[in-house]
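For reference, the structure discussed in these notes is given below.
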There are 2 protein chains.
Amino acid sequence: MRKTTARNAFYAQSGGVTAVINASACGVIETARRHKRQIANVYAGRNGILGALTEDLIDTGKENAAAIRALRHTPAGAFGSARYKLKKFADDPSQYQRLIDVFRAHDIGYFFYNGGGDSADTCLKVSTLADQLGYPIQAIHVPKTVDNDLPVTDCCPGFGSVAKYVAVSIREAGFDVASMARTSTKVFVMEVMGRHAGWIAAAGGIAAEKAGDSPHIILFPEITFDEDKFCARVKECVERYGYCAVVVSEGVRNAEGKFLADAGTRDAFGHAQLGGVGPVVAQLVKSKLGYKYHWAVADYLQRAARHIASKVDVEQAYAVGKAAVELAIKGHNSVMPTIVRVSDRPYRWKIGLAKLEDVANKEKMLPRDYITADGLQITAKARRYLAPLIKGEDYPPYKDGLPQYVVLRNAPVRRKLKAPFTI
Amino acid sequence: MRKTTARNAFYAQSGGVTAVINASACGVIETARRHKRQIANVYAGRNGILGALTEDLIDTGKENAAAIRALRHTPAGAFGSARYKLKKFADDPSQYQRLIDVFRAHDIGYFFYNGGGDSADTCLKVSTLADQLGYPIQAIHVPKTVDNDLPVTDCCPGFGSVAKYVAVSIREAGFDVASMARTSTKVFVMEVMGRHAGWIAAAGGIAAEKAGDSPHIILFPEITFDEDKFCARVKECVERYGYCAVVVSEGVRNAEGKFLADAGTRDAFGHAQLGGVGPVVAQLVKSKLGYKYHWAVADYLQRAARHIASKVDVEQAYAVGKAAVELAIKGHNSVMPTIVRVSDRPYRWKIGLAKLEDVANKEKMLPRDYITADGLQITAKARRYLAPLIKGEDYPPYKDGLPQYVVLRNAPVRRKLKAPFTI
């Protein structure tokens with residue numbers, strides 16, 4: 001039987017951060033604060049799950065309402081995130097035992113884990129093993145990933161904002177190149193994230209509303225790079241529209257299955273490449289077609305760009321945080337709130353529910369019918385899916401021309417365990 | 001004697017475009033439309049001065065008021081810009097004769113040239129030679145450059161918006177890296193424009209309001225790159241703050257005077273580097289200090305980013321366009337409207353006037369006392385100068401999540417000359 005008195009909640013951020021993961025944290029904490037009878041305090045893990053393992057907990061109760069509210073418009077992970085995968089239970093049971101020890105010491109009854117596919121797996125393990133180790137806890141996964149590759153949910157909080165950044169940026173750069181092309185740059189290449197799936201690259205395609213609009217070409221990780229076909233299309237665009245704007249996913253591979261980014265450069269010392277498929281593709285254009293080029297690599301700018309976040313994305317990020325707490329209070333365990341699409345036009349969505357066993361360790365790839373037959377653009381079907389996710393603006397407050405993002409106090413919870421734990 | 005009947009105006013965009021050069025075009029055209037007794041039509045050069053040489057003029061009178069108004073929030077060059085420098089009169093008088101022929105054929109009495117230092121020189125030549133060739137024309141330069149390197153004027157329209165983009169972006173990326181640094185990326189490098197002067201790199205420094213804020217290090221083209229000093233500072237930041245964010249100007253050079261960007265990579269074919277000082281610096285951090293790194297190259301995204309334009313910049317860009325027309329109407333020639341700073345706090349500015357001979361071919365470099373003694377940050381003096389220029393937001397209108405930038409009809413003016421002209 002679960003206790004009827006209030007217990008504490010643990011919340012942690014996991015994996016690569018996004019422009020809106022803190023909006024989910026805001027949703028969790030604000031909602032928990034409205035349910036004091038069930039949730040006494042929300043303790044956040046400092047640097048994600050590491051905070052639980054090392055008993056380095058942050059008392060979010062020490063933050064005032066305005067600071068927590070400001071999380072909604074603050075990018076990145078306010079408590080620190082971590083790229084850290086728990087070992088298999090059989091390989092290292094001590095990690096799990098340690099988690100339970102920490103949770104028991106702090107009377108943690110709720111485990112909210114805010115991350116992607118790997119994190120859903122961790123969340124599932126915590127839920128299962130807590131049962132086996134005789135410690136009652138409800139584990140709820142809060143979805144987050146710019147990669148948009150979680151199954152069941154229609155989309156992932158974090159994706160809509162990076163999608164908007166990429167679409168806005170390639171539209172703007174397209175205007176720039178179009179105006180310079182007569183005497184200067186004719187080809188512009190913008191590299192975006194997405195090593196395994198082309199969701200982010202595809203999002204660039206929304207910027208093109210009619211033939212000739214930027215971007216003219218999208219290179220997806222799902223489509224083997226065909227140099228001749230690509231160059232022919234670049235040439236066609238330059239001849240027809242005067243210039244060519246390209247969005248390329250960092251994950252594009254050649255026919256041998258090697259990342260294009262790895263196929264290119266060596267530094268002065270002969271070390272492997274400095275990274276960047278953008279410059280590789282741009283240089284190819286130069287050497288094969290002779291066009292003057294420019295390239296950009298957005299890197300973290302794209303996933304941190306809270307200043308141009310999608311309003312839909314912010315609302316969904318908040319909603320899954322809120323729903324996670326409500327699900328916990330209703331007694332759910334081993335689940336994840338999802339985004340369910342009700343209709344495309346007008347766009348309507350609601351919160352649904354997935355079992356963690358249906359989510360963990362599964363990747364949702366970009367469907368082939370979202371990519372045109374020639375492999376170089378998105379289809380109308382992709383556009384119908386993607387377009388609603390970038391809708392609306394949700395500007396942060398500004399002071400003296402700069403966005404005002406919150407830095408929390410992050411006061412530690414007093415340690416109760418004697419034994420340290422080394423990561 | 002100037003004619004008292006209305007004559008036509010020629011307007012052209014020159015050199016690299018900006019987020020607000022079209023706001024200047026808007027200022028020129030809207031103001032000209034209010035002075036029909038003096039200015040009959042504004043003809044824009046298609047692709048800058050090339051449009052004049054080839055008699056490829058655009059009749060802006062064919063655009064409705066809403067389209068012209070939309071230029072104010074549209075980045076890049078709506079009529080096409082050009083990187084094209086007129087030869088010296090002595091080397092090729094035919095170019096100047098041709099300009100006069102075209103102007104005479106279309107009764108052009110006003111020459112508005114929207115560009116940087118090179119363009120100011122062209123504008124001066126047109127003014128001088130028109131006199132010598134016996135054709136009366138008033139040449140007014142409209143300042144524009146992201147490089148902020150024009151003399152006399154306190155700042156250049158175009159700079160404030162790229163400054164804001166860089167400051168916002170490095171703040172956001174700093175939040176991202178800070179939250180990942182415990183287990184992942186510790187050093188982030190963002191490359192920005194500015195081959196000759198460090199104004200844009202310096203602007204990144206505004207994002208840091210107190211010790212420990214991003215960016216921790218700025219690398220200026222004015223300061224010879226010192227690898228040991230740089231690496232020591234990176235290490236110090238990582239140890240003290242957990243991470244290190246770096247803004248690097250594309251123009252940074254080593255002790256031999258070579259661009260760092262040129263000192264690094266060779267592609268698979270042995271060709272010179274693919275460009276990018278960002279990856280070179282990041283790789284250095286990895287090889288010398290072993291830290292995991294990420295890097296971004298903003299390239300055109302920074303100067304096209306109308307979505308995050310500075311309100312001050314937009315207003316100044318419009319104001320110099322408006323002032324140029326008003327100066328012309330008052331009979332001025334061979335001049336450029338400038339921005340005069342009246343006070344820092346509160347920031348107040350007004351329009352001033354410079355003679356083109358004081359502007360042409362002179363570069364305003366970043367003063368040494370804007371850079372700290374160690375060469376790795378900006379001073380309080382720099383901050384006082386830079387901070388007002390990024391103030392205020394001036395968001396473009398959005399539809400379906402995307403900024404609505406105008407594409408003009410750009411209807412041609414009927415050609416009157418028989419002779420073609422080859423560029």
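Residues in the structure tokens are named by chain (A, B, ... in the order shown) and by number from 1 within that chain; ligands are numbered from 1 in the order shown.
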*asked:* Need the shell around region 412-419 of chain A: protein/DNA/RNA residues with any atom at most 6 Å away, counting only C-alpha atoms. Skip same-chain ones fewer than 2 positions apart. Format as a count of residues only?
replied: 3
May I have the residues within 12 Å of Asn64 (chain A) as a compact mmCIF listing (two decimals) with N, CA and C atoms, in the first residue's frame, using only C-alpha atoms and disregarding those fewer than 2 positions away in the same chain?
# COMPACT_ATOMS: atom_id res chain seq x y z
N CYS A 26 9.24 23.36 -15.10
CA CYS A 26 8.27 24.32 -14.56
C CYS A 26 6.91 23.65 -14.36
N ILE A 29 7.11 21.23 -11.31
CA ILE A 29 7.24 21.86 -9.99
C ILE A 29 5.99 22.66 -9.63
N GLU A 30 5.48 23.43 -10.61
CA GLU A 30 4.27 24.21 -10.31
C GLU A 30 3.09 23.30 -9.98
N ARG A 33 3.47 21.76 -6.58
CA ARG A 33 3.19 22.74 -5.51
C ARG A 33 1.69 22.90 -5.25
N ASP A 59 16.99 21.41 -3.53
CA ASP A 59 15.67 21.64 -2.94
C ASP A 59 14.95 22.74 -3.73
N THR A 60 14.08 22.32 -4.63
CA THR A 60 13.38 23.33 -5.46
C THR A 60 12.43 24.17 -4.61
N GLY A 61 12.13 23.70 -3.41
CA GLY A 61 11.26 24.46 -2.50
C GLY A 61 11.88 25.77 -2.07
N LYS A 62 13.19 25.88 -2.24
CA LYS A 62 13.88 27.11 -1.87
C LYS A 62 13.78 28.19 -2.95
N ALA A 66 8.33 33.12 -8.68
CA ALA A 66 8.75 33.83 -9.89
C ALA A 66 9.92 33.12 -10.56
N ALA A 67 10.84 32.60 -9.76
CA ALA A 67 11.99 31.89 -10.33
C ALA A 67 11.53 30.62 -11.04
N ILE A 68 10.61 29.90 -10.40
CA ILE A 68 10.10 28.68 -11.04
C ILE A 68 9.33 29.04 -12.31
N ARG A 69 8.57 30.11 -12.26
CA ARG A 69 7.81 30.55 -13.43
C ARG A 69 8.77 30.88 -14.59
N ALA A 70 9.91 31.48 -14.24
CA ALA A 70 10.88 31.89 -15.26
C ALA A 70 11.53 30.69 -15.97
N LEU A 71 11.44 29.51 -15.36
CA LEU A 71 11.95 28.32 -16.04
C LEU A 71 11.23 28.12 -17.37
N VAL A 406 16.60 32.69 -16.23
CA VAL A 406 16.81 32.57 -14.79
C VAL A 406 17.95 31.59 -14.47
N LEU A 408 18.85 29.55 -11.18
CA LEU A 408 18.26 29.24 -9.88
C LEU A 408 19.33 29.23 -8.78
N ARG A 409 18.87 29.31 -7.54
CA ARG A 409 19.81 29.22 -6.42
C ARG A 409 20.38 27.81 -6.32
N ASN A 410 19.54 26.84 -6.61
CA ASN A 410 19.94 25.42 -6.55
C ASN A 410 20.57 25.05 -5.21
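The neighbours of Gly251 (chain A) here are the residues that come within 12 Å of it, using only C-alpha atoms and leaving out any residue fewer than 5 positions away in the same chain; they are Asp147, Glu191, Val192, Met193, Gly194, Arg195, His196, Ala197, Gly198, Trp199, Ile200, Ala201, Leu219, Phe220, Pro221, Glu222, Ile223, Thr224, Phe225, Gly257, Lys258, Phe259, Leu260, Ala261, Asp262, Gly275, Gly276, Val277 and Gly278 of chain A.
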Could you write out that same residue set with N, CA, C and O atoms as an mmCIF file, in the first residue's frame?
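That gives us result25.cif:
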data_model
loop_
_atom_site.group_PDB
_atom_site.id
_atom_site.type_symbol
_atom_site.label_atom_id
_atom_site.label_comp_id
_atom_site.auth_asym_id
_atom_site.auth_seq_id
_atom_site.Cartn_x
_atom_site.Cartn_y
_atom_site.Cartn_z
ATOM 1 N N ASP A 147 15.469 15.431 -31.108
ATOM 2 C CA ASP A 147 15.538 14.467 -32.211
ATOM 3 C C ASP A 147 14.176 13.962 -32.675
ATOM 4 O O ASP A 147 14.065 13.348 -33.730
ATOM 5 N N GLU A 191 24.294 23.265 -41.852
ATOM 6 C CA GLU A 191 24.292 21.953 -41.198
ATOM 7 C C GLU A 191 23.434 21.983 -39.946
ATOM 8 O O GLU A 191 23.535 22.906 -39.141
ATOM 9 N N VAL A 192 22.606 20.949 -39.792
ATOM 10 C CA VAL A 192 21.740 20.860 -38.609
ATOM 11 C C VAL A 192 21.918 19.512 -37.913
ATOM 12 O O VAL A 192 22.523 18.592 -38.460
ATOM 13 N N MET A 193 21.377 19.415 -36.703
ATOM 14 C CA MET A 193 21.521 18.204 -35.896
ATOM 15 C C MET A 193 20.641 17.065 -36.403
ATOM 16 O O MET A 193 19.762 17.266 -37.242
ATOM 17 N N GLY A 194 20.865 15.892 -35.843
ATOM 18 C CA GLY A 194 20.078 14.718 -36.188
ATOM 19 C C GLY A 194 20.956 13.647 -36.789
ATOM 20 O O GLY A 194 20.987 13.447 -37.998
ATOM 21 N N ARG A 195 21.695 12.960 -35.928
ATOM 22 C CA ARG A 195 22.666 12.002 -36.432
ATOM 23 C C ARG A 195 21.988 10.750 -36.981
ATOM 24 O O ARG A 195 22.442 10.142 -37.932
ATOM 25 N N HIS A 196 20.842 10.388 -36.368
ATOM 26 C CA HIS A 196 20.204 9.133 -36.751
ATOM 27 C C HIS A 196 18.952 9.324 -37.601
ATOM 28 O O HIS A 196 18.631 8.495 -38.438
ATOM 29 N N ALA A 197 18.240 10.404 -37.329
ATOM 30 C CA ALA A 197 16.969 10.603 -38.034
ATOM 31 C C ALA A 197 16.898 12.027 -38.568
ATOM 32 O O ALA A 197 17.454 12.952 -37.987
ATOM 33 N N GLY A 198 16.204 12.178 -39.681
ATOM 34 C CA GLY A 198 16.201 13.448 -40.397
ATOM 35 C C GLY A 198 15.094 14.403 -40.014
ATOM 36 O O GLY A 198 14.761 15.301 -40.794
ATOM 37 N N TRP A 199 14.521 14.250 -38.821
ATOM 38 C CA TRP A 199 13.415 15.128 -38.445
ATOM 39 C C TRP A 199 13.802 16.603 -38.498
ATOM 40 O O TRP A 199 13.051 17.443 -38.999
ATOM 41 N N ILE A 200 14.968 16.930 -37.934
ATOM 42 C CA ILE A 200 15.360 18.343 -37.872
ATOM 43 C C ILE A 200 15.654 18.882 -39.273
ATOM 44 O O ILE A 200 15.224 19.980 -39.631
ATOM 45 N N ALA A 201 16.368 18.110 -40.067
ATOM 46 C CA ALA A 201 16.633 18.530 -41.450
ATOM 47 C C ALA A 201 15.315 18.753 -42.193
ATOM 48 O O ALA A 201 15.139 19.752 -42.901
ATOM 49 N N LEU A 219 19.388 17.316 -47.317
ATOM 50 C CA LEU A 219 20.113 16.045 -47.304
ATOM 51 C C LEU A 219 19.824 15.337 -45.978
ATOM 52 O O LEU A 219 20.121 15.860 -44.902
ATOM 53 N N PHE A 220 19.230 14.161 -46.076
ATOM 54 C CA PHE A 220 18.754 13.416 -44.918
ATOM 55 C C PHE A 220 19.700 12.266 -44.566
ATOM 56 O O PHE A 220 20.274 11.640 -45.462
ATOM 57 N N PRO A 221 19.783 11.927 -43.292
ATOM 58 C CA PRO A 221 20.583 10.749 -42.915
ATOM 59 C C PRO A 221 19.970 9.446 -43.450
ATOM 60 O O PRO A 221 20.678 8.456 -43.619
ATOM 61 N N GLU A 222 18.673 9.486 -43.745
ATOM 62 C CA GLU A 222 17.991 8.275 -44.234
ATOM 63 C C GLU A 222 18.322 7.982 -45.695
ATOM 64 O O GLU A 222 18.042 6.879 -46.179
ATOM 65 N N ILE A 223 18.848 8.962 -46.409
ATOM 66 C CA ILE A 223 19.088 8.830 -47.849
ATOM 67 C C ILE A 223 20.599 8.833 -48.110
ATOM 68 O O ILE A 223 21.287 9.794 -47.776
ATOM 69 N N THR A 224 21.089 7.761 -48.706
ATOM 70 C CA THR A 224 22.511 7.695 -49.031
ATOM 71 C C THR A 224 22.897 8.848 -49.950
ATOM 72 O O THR A 224 22.214 9.114 -50.943
ATOM 73 N N PHE A 225 23.976 9.522 -49.590
ATOM 74 C CA PHE A 225 24.396 10.702 -50.352
ATOM 75 C C PHE A 225 24.876 10.298 -51.735
ATOM 76 O O PHE A 225 25.752 9.451 -51.880
ATOM 77 N N GLY A 257 28.503 3.905 -46.173
ATOM 78 C CA GLY A 257 27.944 3.985 -44.827
ATOM 79 C C GLY A 257 28.726 4.878 -43.889
ATOM 80 O O GLY A 257 28.446 4.944 -42.693
ATOM 81 N N LYS A 258 29.722 5.572 -44.413
ATOM 82 C CA LYS A 258 30.519 6.479 -43.567
ATOM 83 C C LYS A 258 29.876 7.859 -43.512
ATOM 84 O O LYS A 258 29.373 8.363 -44.516
ATOM 85 N N PHE A 259 29.933 8.485 -42.338
ATOM 86 C CA PHE A 259 29.472 9.871 -42.236
ATOM 87 C C PHE A 259 30.287 10.730 -43.194
ATOM 88 O O PHE A 259 31.518 10.653 -43.203
ATOM 89 N N LEU A 260 29.610 11.564 -43.976
ATOM 90 C CA LEU A 260 30.334 12.496 -44.854
ATOM 91 C C LEU A 260 31.271 13.375 -44.029
ATOM 92 O O LEU A 260 32.359 13.732 -44.480
ATOM 93 N N ALA A 261 30.836 13.720 -42.825
ATOM 94 C CA ALA A 261 31.652 14.580 -41.973
ATOM 95 C C ALA A 261 32.983 13.915 -41.653
ATOM 96 O O ALA A 261 33.986 14.584 -41.420
ATOM 97 N N ASP A 262 33.008 12.575 -41.639
ATOM 98 C CA ASP A 262 34.253 11.858 -41.335
ATOM 99 C C ASP A 262 35.098 11.628 -42.581
ATOM 100 O O ASP A 262 36.272 11.282 -42.496
ATOM 101 N N GLY A 275 35.230 17.915 -37.777
ATOM 102 C CA GLY A 275 33.780 17.862 -37.719
ATOM 103 C C GLY A 275 33.163 18.758 -38.751
ATOM 104 O O GLY A 275 33.792 19.659 -39.292
ATOM 105 N N GLY A 276 31.910 18.465 -39.034
ATOM 106 C CA GLY A 276 31.194 19.367 -39.883
ATOM 107 C C GLY A 276 30.971 18.819 -41.272
ATOM 108 O O GLY A 276 31.870 18.817 -42.113
ATOM 109 N N VAL A 277 29.764 18.358 -41.533
ATOM 110 C CA VAL A 277 29.425 17.913 -42.873
ATOM 111 C C VAL A 277 29.135 19.135 -43.746
ATOM 112 O O VAL A 277 29.305 19.079 -44.971
ATOM 113 N N GLY A 278 28.749 20.235 -43.114
ATOM 114 C CA GLY A 278 28.446 21.466 -43.859
ATOM 115 C C GLY A 278 29.603 21.890 -44.748
ATOM 116 O O GLY A 278 29.453 22.041 -45.967
#
Could you work out which residues of chain A fall inside 6 Å of chain B? Count only C-alpha atoms, and format the result as a PDB file with N, CA and C atoms, in the first residue's frame.
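Generated output (iface-v5.pdb):
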ATOM      1  N   ALA A  76      17.858  25.311 -21.894  1.00  0.00           N
ATOM      2  CA  ALA A  76      18.870  24.433 -21.280  1.00  0.00           C
ATOM      3  C   ALA A  76      18.370  23.849 -19.965  1.00  0.00           C
ATOM      4  N   GLY A  77      19.230  23.187 -19.240  1.00  0.00           N
ATOM      5  CA  GLY A  77      18.819  22.454 -18.041  1.00  0.00           C
ATOM      6  C   GLY A  77      19.198  23.200 -16.772  1.00  0.00           C
ATOM      7  N   GLY A  80      21.130  21.148 -14.327  1.00  0.00           N
ATOM      8  CA  GLY A  80      22.205  20.344 -14.912  1.00  0.00           C
ATOM      9  C   GLY A  80      21.628  19.035 -15.430  1.00  0.00           C
ATOM     10  N   SER A  81      22.066  18.683 -16.629  1.00  0.00           N
ATOM     11  CA  SER A  81      21.650  17.411 -17.211  1.00  0.00           C
ATOM     12  C   SER A  81      22.874  16.495 -17.243  1.00  0.00           C
ATOM     13  N   ALA A  82      22.679  15.265 -17.671  1.00  0.00           N
ATOM     14  CA  ALA A  82      23.835  14.363 -17.753  1.00  0.00           C
ATOM     15  C   ALA A  82      23.681  13.381 -18.897  1.00  0.00           C
ATOM     16  N   ARG A  83      24.788  13.133 -19.546  1.00  0.00           N
ATOM     17  CA  ARG A  83      24.848  11.994 -20.466  1.00  0.00           C
ATOM     18  C   ARG A  83      25.437  10.845 -19.668  1.00  0.00           C
ATOM     19  N   GLU A 172      15.812  33.018 -43.699  1.00  0.00           N
ATOM     20  CA  GLU A 172      16.560  34.278 -43.640  1.00  0.00           C
ATOM     21  C   GLU A 172      17.849  34.196 -44.468  1.00  0.00           C
ATOM     22  N   ALA A 173      18.583  33.112 -44.307  1.00  0.00           N
ATOM     23  CA  ALA A 173      19.824  32.958 -45.066  1.00  0.00           C
ATOM     24  C   ALA A 173      19.520  32.891 -46.563  1.00  0.00           C
ATOM     25  N   PHE A 175      17.133  34.487 -48.148  1.00  0.00           N
ATOM     26  CA  PHE A 175      16.966  35.872 -48.612  1.00  0.00           C
ATOM     27  C   PHE A 175      18.329  36.531 -48.817  1.00  0.00           C
ATOM     28  N   ASP A 176      19.224  36.267 -47.897  1.00  0.00           N
ATOM     29  CA  ASP A 176      20.568  36.859 -47.973  1.00  0.00           C
ATOM     30  C   ASP A 176      21.283  36.407 -49.248  1.00  0.00           C
ATOM     31  N   SER A 179      20.037  37.690 -52.583  1.00  0.00           N
ATOM     32  CA  SER A 179      20.365  39.078 -52.932  1.00  0.00           C
ATOM     33  C   SER A 179      21.835  39.272 -53.296  1.00  0.00           C
ATOM     34  N   MET A 180      22.676  38.311 -52.972  1.00  0.00           N
ATOM     35  CA  MET A 180      24.105  38.435 -53.261  1.00  0.00           C
ATOM     36  C   MET A 180      24.534  37.631 -54.479  1.00  0.00           C
ATOM     37  N   THR A 183      26.739  38.451 -57.983  1.00  0.00           N
ATOM     38  CA  THR A 183      28.190  38.687 -58.056  1.00  0.00           C
ATOM     39  C   THR A 183      28.978  37.960 -56.971  1.00  0.00           C
ATOM     40  N   GLY A 264      36.007  13.649 -44.840  1.00  0.00           N
ATOM     41  CA  GLY A 264      36.690  14.777 -45.434  1.00  0.00           C
ATOM     42  C   GLY A 264      38.026  15.125 -44.820  1.00  0.00           C
ATOM     43  N   THR A 265      37.977  15.975 -43.854  1.00  0.00           N
ATOM     44  CA  THR A 265      39.144  16.749 -43.479  1.00  0.00           C
ATOM     45  C   THR A 265      40.107  16.056 -42.526  1.00  0.00           C
ATOM     46  N   ARG A 266      41.333  16.448 -42.632  1.00  0.00           N
ATOM     47  CA  ARG A 266      42.384  16.168 -41.653  1.00  0.00           C
ATOM     48  C   ARG A 266      42.948  17.514 -41.217  1.00  0.00           C
ATOM     49  N   ASP A 267      43.303  17.638 -39.948  1.00  0.00           N
ATOM     50  CA  ASP A 267      43.904  18.905 -39.549  1.00  0.00           C
ATOM     51  C   ASP A 267      45.392  18.893 -39.875  1.00  0.00           C
ATOM     52  N   ALA A 268      46.064  19.980 -39.499  1.00  0.00           N
ATOM     53  CA  ALA A 268      47.466  20.143 -39.876  1.00  0.00           C
ATOM     54  C   ALA A 268      48.336  19.028 -39.304  1.00  0.00           C
ATOM     55  N   LEU A 274      37.842  17.860 -38.135  1.00  0.00           N
ATOM     56  CA  LEU A 274      37.379  18.780 -37.119  1.00  0.00           C
ATOM     57  C   LEU A 274      35.863  18.769 -37.032  1.00  0.00           C
ATOM     58  N   PRO A 279      30.797  22.087 -44.155  1.00  0.00           N
ATOM     59  CA  PRO A 279      31.946  22.465 -44.986  1.00  0.00           C
ATOM     60  C   PRO A 279      32.325  21.412 -46.018  1.00  0.00           C
ATOM     61  N   ALA A 296      27.189  27.312 -42.805  1.00  0.00           N
ATOM     62  CA  ALA A 296      26.999  27.571 -41.381  1.00  0.00           C
ATOM     63  C   ALA A 296      26.774  26.249 -40.669  1.00  0.00           C
ATOM     64  N   VAL A 297      27.252  26.186 -39.451  1.00  0.00           N
ATOM     65  CA  VAL A 297      26.976  25.028 -38.588  1.00  0.00           C
ATOM     66  C   VAL A 297      26.305  25.591 -37.333  1.00  0.00           C
ATOM     67  N   ALA A 298      25.029  25.284 -37.164  1.00  0.00           N
ATOM     68  CA  ALA A 298      24.268  25.915 -36.081  1.00  0.00           C
ATOM     69  C   ALA A 298      24.599  25.289 -34.728  1.00  0.00           C
ATOM     70  N   ASP A 299      24.880  24.015 -34.724  1.00  0.00           N
ATOM     71  CA  ASP A 299      25.264  23.308 -33.505  1.00  0.00           C
ATOM     72  C   ASP A 299      24.327  23.666 -32.334  1.00  0.00           C
ATOM     73  N   TYR A 300      24.875  23.936 -31.161  1.00  0.00           N
ATOM     74  CA  TYR A 300      24.038  24.185 -29.980  1.00  0.00           C
ATOM     75  C   TYR A 300      23.113  25.382 -30.130  1.00  0.00           C
ATOM     76  N   LEU A 301      23.478  26.323 -31.030  1.00  0.00           N
ATOM     77  CA  LEU A 301      22.610  27.495 -31.176  1.00  0.00           C
ATOM     78  C   LEU A 301      21.182  27.062 -31.481  1.00  0.00           C
ATOM     79  N   ALA A 304      19.358  25.624 -28.295  1.00  0.00           N
ATOM     80  CA  ALA A 304      19.318  26.541 -27.154  1.00  0.00           C
ATOM     81  C   ALA A 304      18.500  27.790 -27.467  1.00  0.00           C
ATOM     82  N   ILE A 390       5.653  24.267 -35.285  1.00  0.00           N
ATOM     83  CA  ILE A 390       6.433  25.505 -35.131  1.00  0.00           C
ATOM     84  C   ILE A 390       5.531  26.716 -34.930  1.00  0.00           C
ATOM     85  N   LYS A 391       4.254  26.456 -34.739  1.00  0.00           N
ATOM     86  CA  LYS A 391       3.307  27.589 -34.700  1.00  0.00           C
ATOM     87  C   LYS A 391       3.419  28.436 -33.439  1.00  0.00           C
ATOM     88  N   GLY A 392       3.333  29.710 -33.656  1.00  0.00           N
ATOM     89  CA  GLY A 392       3.268  30.654 -32.552  1.00  0.00           C
ATOM     90  C   GLY A 392       4.627  31.020 -32.006  1.00  0.00           C
ATOM     91  N   ASP A 400      17.449  45.453 -21.498  1.00  0.00           N
ATOM     92  CA  ASP A 400      18.622  46.010 -22.182  1.00  0.00           C
ATOM     93  C   ASP A 400      19.013  45.206 -23.415  1.00  0.00           C
ATOM     94  N   GLY A 401      18.002  44.696 -24.114  1.00  0.00           N
ATOM     95  CA  GLY A 401      18.274  44.016 -25.369  1.00  0.00           C
ATOM     96  C   GLY A 401      18.633  42.550 -25.272  1.00  0.00           C
TER      97      GLY A 401
END
*Sel. of helix (DSSP H, G or I) residues, region 115-177 of chain B, as a ChimeraX atom specification*: /B:117-132,159-177
*asked:* To test your reading of the structure, identify every residue in region 183-290 of chain B that backbone DSSP assigns to strand (DSSP E), and report it as a ChimeraX atom specification.
replied: /B:187-192,217-219,244-249
*Fewer than 2 positions away in the same chain doesn't count, so skip those; otherwise give me all residues within 12 Å of Val238 (chain A), counting only C-alpha atoms, as a PyMOL selection string.*
chain A and resi 177-178+181-182+185-188+212+214+216-217+231-236+240-246+285+289-293
*Within 10 Å of Glu315 (chain B), counting only C-alpha atoms, which residues show up once you throw out same-chain ones fewer than 6 positions away? Write them as a PyMOL selection string, please.*
chain B and resi 20+23-24+27+72+157+394
*Quick one: pull the distance between CA of Ala324 (chain A) and CA of His35 (chain A), Å, one decimal.*
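CA of His35 (chain A) lies 12.6 Å from CA of Ala324 (chain A).
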